[in-house]
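Engineer: This one is entry-v4.txt, compact mmCIF, N, CA and C atoms.
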```txt
# COMPACT_ATOMS: atom_id res chain seq x y z
N MET K 778 -8.54 118.41 -167.11
CA MET K 778 -9.90 117.97 -166.87
C MET K 778 -10.01 116.45 -166.98
N ARG K 779 -9.27 115.88 -167.94
CA ARG K 779 -9.30 114.44 -168.13
C ARG K 779 -8.79 113.72 -166.88
N GLU K 780 -7.72 114.25 -166.26
CA GLU K 780 -7.17 113.62 -165.06
C GLU K 780 -8.12 113.75 -163.88
N VAL K 781 -8.81 114.88 -163.76
CA VAL K 781 -9.74 115.07 -162.66
C VAL K 781 -10.91 114.11 -162.77
N GLY K 782 -11.38 113.88 -163.98
CA GLY K 782 -12.54 113.02 -164.18
C GLY K 782 -12.22 111.54 -164.21
N ARG K 783 -10.93 111.18 -164.17
CA ARG K 783 -10.55 109.78 -164.28
C ARG K 783 -10.53 109.12 -162.90
N LEU K 784 -11.45 108.20 -162.70
CA LEU K 784 -11.48 107.43 -161.47
C LEU K 784 -11.22 105.97 -161.84
N ASP K 785 -10.13 105.43 -161.33
CA ASP K 785 -9.82 104.05 -161.62
C ASP K 785 -10.58 103.13 -160.68
N THR K 786 -11.18 102.11 -161.25
CA THR K 786 -11.86 101.10 -160.46
C THR K 786 -10.83 100.08 -159.99
N PRO K 787 -11.17 99.23 -159.03
CA PRO K 787 -10.24 98.17 -158.63
C PRO K 787 -9.87 97.26 -159.82
N GLU K 788 -10.80 97.04 -160.73
CA GLU K 788 -10.50 96.23 -161.91
C GLU K 788 -9.46 96.92 -162.79
N ASP K 789 -9.58 98.25 -162.95
CA ASP K 789 -8.59 99.01 -163.71
C ASP K 789 -7.23 98.94 -163.02
N MET K 790 -7.24 99.06 -161.71
CA MET K 790 -6.00 98.99 -160.95
C MET K 790 -5.35 97.62 -161.11
N LEU K 791 -6.15 96.56 -161.10
CA LEU K 791 -5.62 95.22 -161.31
C LEU K 791 -5.04 95.09 -162.71
N MET K 792 -5.76 95.55 -163.71
CA MET K 792 -5.25 95.49 -165.08
C MET K 792 -3.92 96.24 -165.20
N ASP K 793 -3.83 97.41 -164.59
CA ASP K 793 -2.58 98.17 -164.63
C ASP K 793 -1.45 97.40 -163.95
N ALA K 794 -1.74 96.76 -162.83
CA ALA K 794 -0.73 95.97 -162.12
C ALA K 794 -0.28 94.78 -162.96
N LEU K 795 -1.22 94.14 -163.65
CA LEU K 795 -0.87 93.01 -164.51
C LEU K 795 -0.05 93.47 -165.72
N ILE K 796 -0.40 94.63 -166.26
CA ILE K 796 0.37 95.17 -167.38
C ILE K 796 1.79 95.47 -166.93
N GLU K 797 1.94 96.05 -165.76
CA GLU K 797 3.27 96.32 -165.21
C GLU K 797 4.07 95.02 -165.08
N ALA K 798 3.43 93.98 -164.56
CA ALA K 798 4.11 92.68 -164.42
C ALA K 798 4.46 92.12 -165.79
N PHE K 799 3.57 92.29 -166.74
CA PHE K 799 3.78 91.82 -168.11
C PHE K 799 4.97 92.52 -168.75
N LEU K 800 5.10 93.81 -168.51
CA LEU K 800 6.16 94.62 -169.11
C LEU K 800 7.46 94.59 -168.33
N ALA K 801 7.42 94.11 -167.08
CA ALA K 801 8.60 94.11 -166.23
C ALA K 801 9.70 93.23 -166.84
N PRO K 802 10.91 93.74 -166.86
CA PRO K 802 12.00 92.90 -167.36
C PRO K 802 12.22 91.72 -166.42
N SER K 803 12.48 90.58 -166.99
CA SER K 803 12.70 89.38 -166.21
C SER K 803 14.19 89.16 -166.02
N VAL K 804 14.55 88.60 -164.87
CA VAL K 804 15.95 88.29 -164.60
C VAL K 804 16.43 87.24 -165.60
N GLN K 805 15.57 86.27 -165.87
CA GLN K 805 15.88 85.22 -166.84
C GLN K 805 15.22 85.56 -168.17
N LYS K 806 15.80 85.08 -169.23
CA LYS K 806 15.21 85.28 -170.55
C LYS K 806 14.04 84.32 -170.70
N VAL K 807 12.84 84.85 -170.76
CA VAL K 807 11.64 84.04 -170.90
C VAL K 807 10.85 84.52 -172.12
N PRO K 808 10.10 83.61 -172.74
CA PRO K 808 9.34 84.02 -173.93
C PRO K 808 8.11 84.88 -173.63
N GLY K 809 7.65 84.88 -172.38
CA GLY K 809 6.48 85.67 -172.07
C GLY K 809 6.04 85.49 -170.63
N THR K 810 4.92 86.14 -170.30
CA THR K 810 4.37 86.11 -168.95
C THR K 810 2.95 85.62 -169.00
N LEU K 811 2.62 84.73 -168.07
CA LEU K 811 1.26 84.24 -167.88
C LEU K 811 0.83 84.59 -166.47
N PHE K 812 -0.46 84.48 -166.21
CA PHE K 812 -1.01 84.79 -164.89
C PHE K 812 -1.88 83.65 -164.41
N ARG K 813 -1.82 83.37 -163.12
CA ARG K 813 -2.70 82.42 -162.45
C ARG K 813 -3.41 83.16 -161.33
N VAL K 814 -4.65 82.78 -161.08
CA VAL K 814 -5.37 83.40 -159.99
C VAL K 814 -4.69 83.09 -158.66
N TRP K 815 -4.34 81.85 -158.46
CA TRP K 815 -3.81 81.40 -157.17
C TRP K 815 -2.52 80.64 -157.41
N GLY K 816 -1.41 81.18 -157.06
CA GLY K 816 -0.13 80.49 -157.21
C GLY K 816 0.62 80.92 -158.45
N ASP K 817 1.86 80.45 -158.52
CA ASP K 817 2.71 80.80 -159.66
C ASP K 817 3.41 79.57 -160.24
N GLU K 818 2.73 78.44 -160.18
CA GLU K 818 3.29 77.21 -160.74
C GLU K 818 3.50 77.38 -162.25
N LYS K 819 4.62 76.84 -162.72
CA LYS K 819 4.93 76.94 -164.14
C LYS K 819 3.92 76.15 -164.97
N PRO K 820 3.67 76.60 -166.20
CA PRO K 820 2.78 75.84 -167.09
C PRO K 820 3.48 74.55 -167.53
N PRO K 821 2.74 73.61 -168.10
CA PRO K 821 3.36 72.38 -168.59
C PRO K 821 4.50 72.70 -169.56
N GLN K 822 5.58 71.94 -169.45
CA GLN K 822 6.74 72.16 -170.31
C GLN K 822 6.73 71.26 -171.54
N LYS K 823 6.03 70.11 -171.44
CA LYS K 823 5.97 69.15 -172.54
C LYS K 823 4.52 68.72 -172.76
N THR K 824 4.22 68.36 -174.01
CA THR K 824 2.92 67.78 -174.32
C THR K 824 2.97 66.28 -174.02
N LYS K 825 1.84 65.61 -174.13
CA LYS K 825 1.81 64.15 -173.90
C LYS K 825 2.73 63.43 -174.88
N GLU K 826 2.93 64.00 -176.05
CA GLU K 826 3.78 63.39 -177.07
C GLU K 826 5.26 63.69 -176.84
N GLY K 827 5.55 64.53 -175.85
CA GLY K 827 6.94 64.87 -175.55
C GLY K 827 7.46 66.11 -176.25
N ASP K 828 6.61 66.78 -177.01
CA ASP K 828 7.00 68.02 -177.68
C ASP K 828 6.90 69.18 -176.70
N PRO K 829 7.60 70.28 -176.98
CA PRO K 829 7.47 71.45 -176.10
C PRO K 829 6.02 71.94 -176.06
N ALA K 830 5.53 72.22 -174.88
CA ALA K 830 4.16 72.73 -174.71
C ALA K 830 4.11 74.18 -175.20
N PRO K 831 2.89 74.67 -175.53
CA PRO K 831 2.77 76.04 -176.09
C PRO K 831 3.36 77.14 -175.21
N PHE K 832 3.29 76.98 -173.89
CA PHE K 832 3.79 78.04 -173.00
C PHE K 832 5.01 77.61 -172.21
N ALA K 833 5.77 76.67 -172.75
CA ALA K 833 6.99 76.20 -172.09
C ALA K 833 7.94 77.37 -171.90
N GLY K 834 8.49 77.49 -170.71
CA GLY K 834 9.46 78.53 -170.42
C GLY K 834 8.88 79.86 -169.98
N TYR K 835 7.56 80.02 -170.06
CA TYR K 835 6.94 81.28 -169.64
C TYR K 835 7.04 81.43 -168.12
N ARG K 836 7.15 82.65 -167.67
CA ARG K 836 7.07 82.89 -166.22
C ARG K 836 5.61 83.07 -165.86
N VAL K 837 5.27 82.77 -164.63
CA VAL K 837 3.89 82.87 -164.16
C VAL K 837 3.84 83.81 -162.96
N VAL K 838 2.89 84.74 -162.99
CA VAL K 838 2.68 85.71 -161.92
C VAL K 838 1.35 85.40 -161.25
N SER K 839 1.33 85.41 -159.93
CA SER K 839 0.12 85.15 -159.16
C SER K 839 -0.74 86.41 -159.08
N ILE K 840 -1.97 86.32 -159.53
CA ILE K 840 -2.89 87.45 -159.45
C ILE K 840 -3.21 87.75 -157.98
N ARG K 841 -3.41 86.71 -157.18
CA ARG K 841 -3.69 86.91 -155.75
C ARG K 841 -2.55 87.71 -155.10
N ASP K 842 -1.31 87.31 -155.35
CA ASP K 842 -0.17 88.03 -154.76
C ASP K 842 -0.11 89.46 -155.25
N THR K 843 -0.41 89.67 -156.53
CA THR K 843 -0.41 91.02 -157.09
C THR K 843 -1.46 91.88 -156.40
N LEU K 844 -2.65 91.34 -156.21
CA LEU K 844 -3.71 92.08 -155.53
C LEU K 844 -3.28 92.48 -154.12
N MET K 845 -2.68 91.54 -153.41
CA MET K 845 -2.27 91.83 -152.03
C MET K 845 -1.09 92.80 -152.00
N ASP K 846 -0.11 92.62 -152.90
CA ASP K 846 1.05 93.53 -152.93
C ASP K 846 0.63 94.96 -153.22
N LYS K 847 -0.35 95.13 -154.10
CA LYS K 847 -0.80 96.48 -154.49
C LYS K 847 -1.94 96.99 -153.62
N GLY K 848 -2.45 96.15 -152.71
CA GLY K 848 -3.55 96.57 -151.84
C GLY K 848 -4.85 96.79 -152.58
N ILE K 849 -5.12 95.97 -153.61
CA ILE K 849 -6.32 96.14 -154.43
C ILE K 849 -7.43 95.25 -153.87
N ALA K 850 -8.55 95.87 -153.53
CA ALA K 850 -9.70 95.16 -152.98
C ALA K 850 -10.78 95.05 -154.05
N LEU K 851 -10.83 93.91 -154.73
CA LEU K 851 -11.87 93.67 -155.73
C LEU K 851 -13.19 93.40 -155.01
N VAL K 852 -14.21 94.16 -155.34
CA VAL K 852 -15.51 93.99 -154.72
C VAL K 852 -16.05 92.59 -155.00
N HIS K 853 -16.66 91.99 -154.00
CA HIS K 853 -17.25 90.65 -154.11
C HIS K 853 -16.24 89.60 -154.53
N SER K 854 -15.05 89.67 -153.96
CA SER K 854 -14.00 88.71 -154.32
C SER K 854 -13.45 87.97 -153.11
N GLY K 855 -14.03 88.17 -151.94
CA GLY K 855 -13.64 87.42 -150.76
C GLY K 855 -12.47 87.97 -149.97
N TYR K 856 -12.03 89.19 -150.27
CA TYR K 856 -10.91 89.75 -149.53
C TYR K 856 -11.33 90.15 -148.12
N VAL K 857 -10.34 90.26 -147.25
CA VAL K 857 -10.55 90.81 -145.91
C VAL K 857 -9.48 91.87 -145.68
N LYS K 858 -9.77 92.78 -144.78
CA LYS K 858 -8.79 93.81 -144.43
C LYS K 858 -8.30 93.56 -143.01
N GLY K 859 -6.99 93.64 -142.86
CA GLY K 859 -6.39 93.48 -141.54
C GLY K 859 -6.57 94.73 -140.71
N ASP K 860 -6.16 94.65 -139.45
CA ASP K 860 -6.25 95.80 -138.56
C ASP K 860 -5.46 96.99 -139.08
N ASP K 861 -4.41 96.70 -139.85
CA ASP K 861 -3.58 97.76 -140.42
C ASP K 861 -4.11 98.28 -141.75
N GLY K 862 -5.26 97.72 -142.21
CA GLY K 862 -5.87 98.14 -143.46
C GLY K 862 -5.35 97.39 -144.68
N ALA K 863 -4.41 96.46 -144.48
CA ALA K 863 -3.87 95.70 -145.59
C ALA K 863 -4.93 94.74 -146.14
N VAL K 864 -4.95 94.60 -147.45
CA VAL K 864 -5.89 93.71 -148.12
C VAL K 864 -5.29 92.31 -148.16
N PHE K 865 -6.10 91.32 -147.80
CA PHE K 865 -5.65 89.93 -147.79
C PHE K 865 -6.73 89.05 -148.41
N TYR K 866 -6.30 88.11 -149.23
CA TYR K 866 -7.21 87.14 -149.85
C TYR K 866 -6.95 85.77 -149.22
N PRO K 867 -7.80 85.36 -148.24
CA PRO K 867 -7.58 84.09 -147.56
C PRO K 867 -7.91 82.90 -148.48
N ASP K 868 -7.51 81.72 -148.06
CA ASP K 868 -7.78 80.52 -148.85
C ASP K 868 -9.27 80.36 -149.18
N ALA K 869 -10.12 80.81 -148.29
CA ALA K 869 -11.57 80.71 -148.51
C ALA K 869 -12.02 81.56 -149.71
N ALA K 870 -11.19 82.48 -150.16
CA ALA K 870 -11.55 83.36 -151.28
C ALA K 870 -11.16 82.78 -152.64
N LYS K 871 -10.52 81.64 -152.66
CA LYS K 871 -9.97 81.10 -153.90
C LYS K 871 -11.02 80.94 -155.00
N THR K 872 -12.13 80.31 -154.69
CA THR K 872 -13.16 80.05 -155.71
C THR K 872 -13.81 81.34 -156.18
N ILE K 873 -14.16 82.20 -155.25
CA ILE K 873 -14.84 83.44 -155.64
C ILE K 873 -13.91 84.37 -156.41
N LEU K 874 -12.63 84.41 -156.02
CA LEU K 874 -11.68 85.24 -156.75
C LEU K 874 -11.46 84.68 -158.16
N ALA K 875 -11.41 83.36 -158.27
CA ALA K 875 -11.26 82.74 -159.60
C ALA K 875 -12.44 83.11 -160.49
N GLY K 876 -13.63 83.16 -159.92
CA GLY K 876 -14.81 83.57 -160.69
C GLY K 876 -14.73 85.02 -161.13
N ARG K 877 -14.28 85.89 -160.23
CA ARG K 877 -14.17 87.32 -160.57
C ARG K 877 -13.14 87.55 -161.68
N VAL K 878 -11.99 86.87 -161.54
CA VAL K 878 -10.94 87.03 -162.56
C VAL K 878 -11.41 86.43 -163.88
N GLY K 879 -12.06 85.28 -163.83
CA GLY K 879 -12.58 84.66 -165.05
C GLY K 879 -13.56 85.58 -165.78
N ALA K 880 -14.35 86.31 -165.00
CA ALA K 880 -15.32 87.24 -165.60
C ALA K 880 -14.62 88.44 -166.27
N MET K 881 -13.37 88.67 -165.91
CA MET K 881 -12.61 89.77 -166.51
C MET K 881 -12.01 89.40 -167.87
N ALA K 882 -12.06 88.12 -168.24
CA ALA K 882 -11.51 87.71 -169.53
C ALA K 882 -12.17 88.53 -170.64
N GLY K 883 -11.36 89.08 -171.48
CA GLY K 883 -11.84 89.96 -172.54
C GLY K 883 -11.71 91.43 -172.19
N ALA K 884 -11.35 91.73 -170.94
CA ALA K 884 -11.20 93.13 -170.52
C ALA K 884 -10.06 93.79 -171.30
N VAL K 885 -10.26 95.05 -171.61
CA VAL K 885 -9.28 95.82 -172.38
C VAL K 885 -8.88 97.05 -171.57
N ARG K 886 -7.59 97.33 -171.56
CA ARG K 886 -7.08 98.53 -170.90
C ARG K 886 -6.12 99.20 -171.86
N GLU K 887 -6.31 100.48 -172.10
CA GLU K 887 -5.45 101.21 -173.02
C GLU K 887 -4.45 102.06 -172.24
N TRP K 888 -3.22 101.95 -172.66
CA TRP K 888 -2.16 102.82 -172.16
C TRP K 888 -1.73 103.69 -173.33
N ASN K 889 -2.13 104.94 -173.31
CA ASN K 889 -1.77 105.86 -174.38
C ASN K 889 -0.82 106.93 -173.84
N ALA K 890 -0.55 107.95 -174.62
CA ALA K 890 0.40 108.98 -174.20
C ALA K 890 -0.04 109.69 -172.92
N ASP K 891 -1.34 109.75 -172.65
CA ASP K 891 -1.81 110.36 -171.41
C ASP K 891 -1.47 109.50 -170.20
N ARG K 892 -1.34 108.23 -170.42
CA ARG K 892 -1.12 107.27 -169.32
C ARG K 892 0.35 106.86 -169.19
N GLU K 893 1.04 106.75 -170.33
CA GLU K 893 2.39 106.19 -170.37
C GLU K 893 3.26 107.00 -171.33
N ASP K 894 4.40 107.47 -170.85
CA ASP K 894 5.28 108.28 -171.69
C ASP K 894 6.02 107.47 -172.74
N ALA K 895 6.46 106.27 -172.39
CA ALA K 895 7.29 105.47 -173.31
C ALA K 895 6.42 104.85 -174.40
N PRO K 896 6.63 105.22 -175.66
CA PRO K 896 5.80 104.70 -176.75
C PRO K 896 5.80 103.17 -176.84
N GLU K 897 6.94 102.54 -176.50
CA GLU K 897 7.00 101.08 -176.60
C GLU K 897 6.14 100.38 -175.55
N ARG K 898 5.70 101.12 -174.54
CA ARG K 898 4.82 100.54 -173.52
C ARG K 898 3.35 100.91 -173.76
N GLN K 899 3.13 101.83 -174.68
CA GLN K 899 1.76 102.23 -175.00
C GLN K 899 1.10 101.14 -175.82
N GLY K 900 -0.20 100.99 -175.64
CA GLY K 900 -0.92 100.00 -176.43
C GLY K 900 -2.26 99.67 -175.82
N ARG K 901 -2.94 98.78 -176.47
CA ARG K 901 -4.21 98.25 -175.99
C ARG K 901 -3.91 96.85 -175.47
N TYR K 902 -4.17 96.61 -174.21
CA TYR K 902 -3.86 95.33 -173.57
C TYR K 902 -5.16 94.57 -173.33
N VAL K 903 -5.23 93.35 -173.83
CA VAL K 903 -6.42 92.52 -173.71
C VAL K 903 -6.09 91.34 -172.80
N PHE K 904 -6.89 91.17 -171.76
CA PHE K 904 -6.73 90.09 -170.79
C PHE K 904 -7.52 88.89 -171.30
N GLN K 905 -6.84 87.76 -171.50
CA GLN K 905 -7.49 86.60 -172.11
C GLN K 905 -7.13 85.30 -171.40
N LYS K 906 -8.01 84.34 -171.52
CA LYS K 906 -7.72 83.00 -171.04
C LYS K 906 -6.75 82.36 -172.02
N ALA K 907 -5.67 81.76 -171.48
CA ALA K 907 -4.65 81.15 -172.34
C ALA K 907 -4.75 79.63 -172.35
N GLY K 908 -5.30 79.06 -171.31
CA GLY K 908 -5.38 77.60 -171.23
C GLY K 908 -5.63 77.16 -169.80
N GLN K 909 -5.56 75.87 -169.61
CA GLN K 909 -5.80 75.31 -168.28
C GLN K 909 -4.89 74.11 -168.09
N ASP K 910 -4.45 73.89 -166.87
CA ASP K 910 -3.66 72.72 -166.53
C ASP K 910 -4.11 72.23 -165.16
N LYS K 911 -3.35 71.33 -164.57
CA LYS K 911 -3.77 70.75 -163.29
C LYS K 911 -3.80 71.76 -162.15
N TYR K 912 -3.16 72.90 -162.31
CA TYR K 912 -3.15 73.92 -161.26
C TYR K 912 -4.26 74.96 -161.43
N GLY K 913 -4.92 74.96 -162.56
CA GLY K 913 -5.98 75.92 -162.80
C GLY K 913 -5.83 76.62 -164.14
N THR K 914 -6.53 77.71 -164.27
CA THR K 914 -6.57 78.46 -165.52
C THR K 914 -5.36 79.38 -165.63
N LEU K 915 -4.83 79.47 -166.82
CA LEU K 915 -3.76 80.40 -167.14
C LEU K 915 -4.34 81.53 -167.97
N TYR K 916 -3.91 82.74 -167.67
CA TYR K 916 -4.35 83.92 -168.40
C TYR K 916 -3.13 84.60 -169.00
N ARG K 917 -3.38 85.41 -170.03
CA ARG K 917 -2.30 86.17 -170.65
C ARG K 917 -2.80 87.54 -171.05
N LEU K 918 -1.88 88.42 -171.30
CA LEU K 918 -2.19 89.73 -171.86
C LEU K 918 -1.69 89.76 -173.30
N GLU K 919 -2.51 90.29 -174.18
CA GLU K 919 -2.09 90.50 -175.55
C GLU K 919 -2.00 92.00 -175.77
N ARG K 920 -0.84 92.45 -176.25
CA ARG K 920 -0.66 93.86 -176.51
C ARG K 920 -0.95 94.13 -177.99
N LEU K 921 -1.85 95.05 -178.22
CA LEU K 921 -2.21 95.48 -179.57
C LEU K 921 -1.82 96.95 -179.72
N ASP K 922 -1.50 97.35 -180.93
CA ASP K 922 -1.20 98.76 -181.17
C ASP K 922 -2.48 99.60 -181.03
N LEU K 923 -2.29 100.83 -180.60
CA LEU K 923 -3.42 101.75 -180.52
C LEU K 923 -3.83 102.16 -181.93
N ALA K 924 -5.11 102.25 -182.16
CA ALA K 924 -5.59 102.62 -183.50
C ALA K 924 -5.55 104.11 -183.67
```
Would you give me this structure, written as structure tokens?
Structural biologist:
Amino acid sequence: MREVGRLDTPEDMLMDALIEAFLAPSVQKVPGTLFRVWGDEKPPQKTKEGDPAPFAGYRVVSIRDTLMDKGIALVHSGYVKGDDGAVFYPDAAKTILAGRVGAMAGAVREWNADREDAPERQGRYVFQKAGQDKYGTLYRLERLDLA
């Protein structure tokens, strides 16, 4: 009954896709994963004083690319659909998509035994703003244990 009544929204689908990217093993050893709305430019590596920046070495995943790869159409986010039904976020959607993603800060998605078999992947994932640089806002996921 729980599965029949569960309807995932596009926001839930995006959170699940970001969690998958967060949990995906990286080819290179990195300390963590960050997300950008548009692009995958690395975060600053050094502070103005020359010390390592807080997110130095992190990999960055593009939310726009994730949305298009998974075919997720966020309502009121500027996407268009091609003749083949593929979802595309044109350059004109950059500002509106940034606003939609920014509004998701604080969103929580739980992966429990009903959703995920592997206990090490189960948890409460919180989408948060991590910082900002010359390329835009950086977001991160924080994994918390299920209560």
Engineer: By how many Å are atom N of Ala833 of chain K and atom N of Ala798 of chain K apart?
Structural biologist: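 Distance between the two atoms: 19.3 Å.
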Engineer: Determine, counting all atoms listed in the file, which protein, DNA and RNA residues have an atom within 8 Å of an atom of segment 818-832 of chain K; residues of the same chain fewer than 2 positions away are not included. Present the result as a list in words.
Structural biologist: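 Here the answer would be Pro808, Gly809, Arg813, Trp815, Gly816, Gly834, Tyr835, Arg836, Val837, Val838, Ser839, Gln909, Asp910, Lys911, Tyr912 and Leu915 of chain K.
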Engineer: For Lys871 of chain K, which of K:Gly855, K:Ile849, K:Ala884, K:Glu788 is the closest residue, counting all atoms listed in the file?
Structural biologist: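 So, comparing all the options, the nearest one is K:Gly855.
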Engineer: Which residues are near Gly883 of chain K? Cut-off 6 Å, all atoms listed in the file, ignore same chain within fewer than 6 positions. Put them as a list in words.
Structural biologist: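 The neighbour list is Val903, Phe904, Gln905 and Lys906 of chain K.
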Engineer: Nearest residue to Phe812 of chain K out of K:Leu918, K:Ala890, K:Leu923, K:Ala869, using all atoms listed in the file?
Structural biologist: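 Looking only at the distances to Phe812 of chain K, the closest residue turns out to be K:Leu918.
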Engineer: For atom CA of Ala907 of chain K and atom N of Glu919 of chain K, quote the distance in Å rounded to one decimal.
Structural biologist: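 Computed distance, atom CA of Ala907 of chain K to atom N of Glu919 of chain K, equals 9.6 Å.
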Engineer: Enclose the full set of atoms of segment 837-851 of chain K listed in the file within a box whose edges lie along x, y and z, apply 5 Å of padding to each of the six sides, and report centre and edge lengths in Å to one decimal as JSON.
Structural biologist:
```
{"center_x": -4.0, "center_y": 89.9, "center_z": -158.2, "size_x": 28.5, "size_y": 24.2, "size_z": 22.8}
```
Engineer: For each of K:Val857, K:Ile873, K:Met881, K:Leu844, take the minimum atom-to-atom distance to Ala794 of chain K, counting all atoms listed in the file, then give the residue where this is smallest.
Structural biologist: K:Leu844
Engineer: Generate N, CA, C and O atoms for segment 906-917 of chain K and emit them as a PDB file, keeping the file's coordinate frame.
Structural biologist:
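So rebuild-v2.pdb came out as:
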```
ATOM      1  N   LYS K 906      -8.010  84.340-171.520  1.00  0.00           N
ATOM      2  CA  LYS K 906      -7.720  83.000-171.040  1.00  0.00           C
ATOM      3  C   LYS K 906      -6.750  82.360-172.020  1.00  0.00           C
ATOM      4  O   LYS K 906      -6.945  82.426-173.231  1.00  0.00           O
ATOM      5  N   ALA K 907      -5.670  81.760-171.480  1.00  0.00           N
ATOM      6  CA  ALA K 907      -4.650  81.150-172.340  1.00  0.00           C
ATOM      7  C   ALA K 907      -4.750  79.630-172.350  1.00  0.00           C
ATOM      8  O   ALA K 907      -4.305  78.991-173.289  1.00  0.00           O
ATOM      9  N   GLY K 908      -5.300  79.060-171.310  1.00  0.00           N
ATOM     10  CA  GLY K 908      -5.380  77.600-171.230  1.00  0.00           C
ATOM     11  C   GLY K 908      -5.630  77.160-169.800  1.00  0.00           C
ATOM     12  O   GLY K 908      -5.853  77.978-168.908  1.00  0.00           O
ATOM     13  N   GLN K 909      -5.560  75.870-169.610  1.00  0.00           N
ATOM     14  CA  GLN K 909      -5.800  75.310-168.280  1.00  0.00           C
ATOM     15  C   GLN K 909      -4.890  74.110-168.090  1.00  0.00           C
ATOM     16  O   GLN K 909      -4.585  73.389-169.053  1.00  0.00           O
ATOM     17  N   ASP K 910      -4.450  73.890-166.870  1.00  0.00           N
ATOM     18  CA  ASP K 910      -3.660  72.720-166.530  1.00  0.00           C
ATOM     19  C   ASP K 910      -4.110  72.230-165.160  1.00  0.00           C
ATOM     20  O   ASP K 910      -5.125  72.689-164.639  1.00  0.00           O
ATOM     21  N   LYS K 911      -3.350  71.330-164.570  1.00  0.00           N
ATOM     22  CA  LYS K 911      -3.770  70.750-163.290  1.00  0.00           C
ATOM     23  C   LYS K 911      -3.800  71.760-162.150  1.00  0.00           C
ATOM     24  O   LYS K 911      -4.419  71.513-161.126  1.00  0.00           O
ATOM     25  N   TYR K 912      -3.160  72.900-162.310  1.00  0.00           N
ATOM     26  CA  TYR K 912      -3.150  73.920-161.260  1.00  0.00           C
ATOM     27  C   TYR K 912      -4.260  74.960-161.430  1.00  0.00           C
ATOM     28  O   TYR K 912      -4.460  75.794-160.574  1.00  0.00           O
ATOM     29  N   GLY K 913      -4.920  74.960-162.560  1.00  0.00           N
ATOM     30  CA  GLY K 913      -5.980  75.920-162.800  1.00  0.00           C
ATOM     31  C   GLY K 913      -5.830  76.620-164.140  1.00  0.00           C
ATOM     32  O   GLY K 913      -5.083  76.184-165.016  1.00  0.00           O
ATOM     33  N   THR K 914      -6.530  77.710-164.270  1.00  0.00           N
ATOM     34  CA  THR K 914      -6.570  78.460-165.520  1.00  0.00           C
ATOM     35  C   THR K 914      -5.360  79.380-165.630  1.00  0.00           C
ATOM     36  O   THR K 914      -4.953  80.005-164.651  1.00  0.00           O
ATOM     37  N   LEU K 915      -4.830  79.470-166.820  1.00  0.00           N
ATOM     38  CA  LEU K 915      -3.760  80.400-167.140  1.00  0.00           C
ATOM     39  C   LEU K 915      -4.340  81.530-167.970  1.00  0.00           C
ATOM     40  O   LEU K 915      -5.159  81.307-168.866  1.00  0.00           O
ATOM     41  N   TYR K 916      -3.910  82.740-167.670  1.00  0.00           N
ATOM     42  CA  TYR K 916      -4.350  83.920-168.400  1.00  0.00           C
ATOM     43  C   TYR K 916      -3.130  84.600-169.000  1.00  0.00           C
ATOM     44  O   TYR K 916      -2.005  84.425-168.529  1.00  0.00           O
ATOM     45  N   ARG K 917      -3.380  85.410-170.030  1.00  0.00           N
ATOM     46  CA  ARG K 917      -2.300  86.170-170.650  1.00  0.00           C
ATOM     47  C   ARG K 917      -2.800  87.540-171.050  1.00  0.00           C
ATOM     48  O   ARG K 917      -4.006  87.779-171.117  1.00  0.00           O
TER      49      ARG K 917
END
```
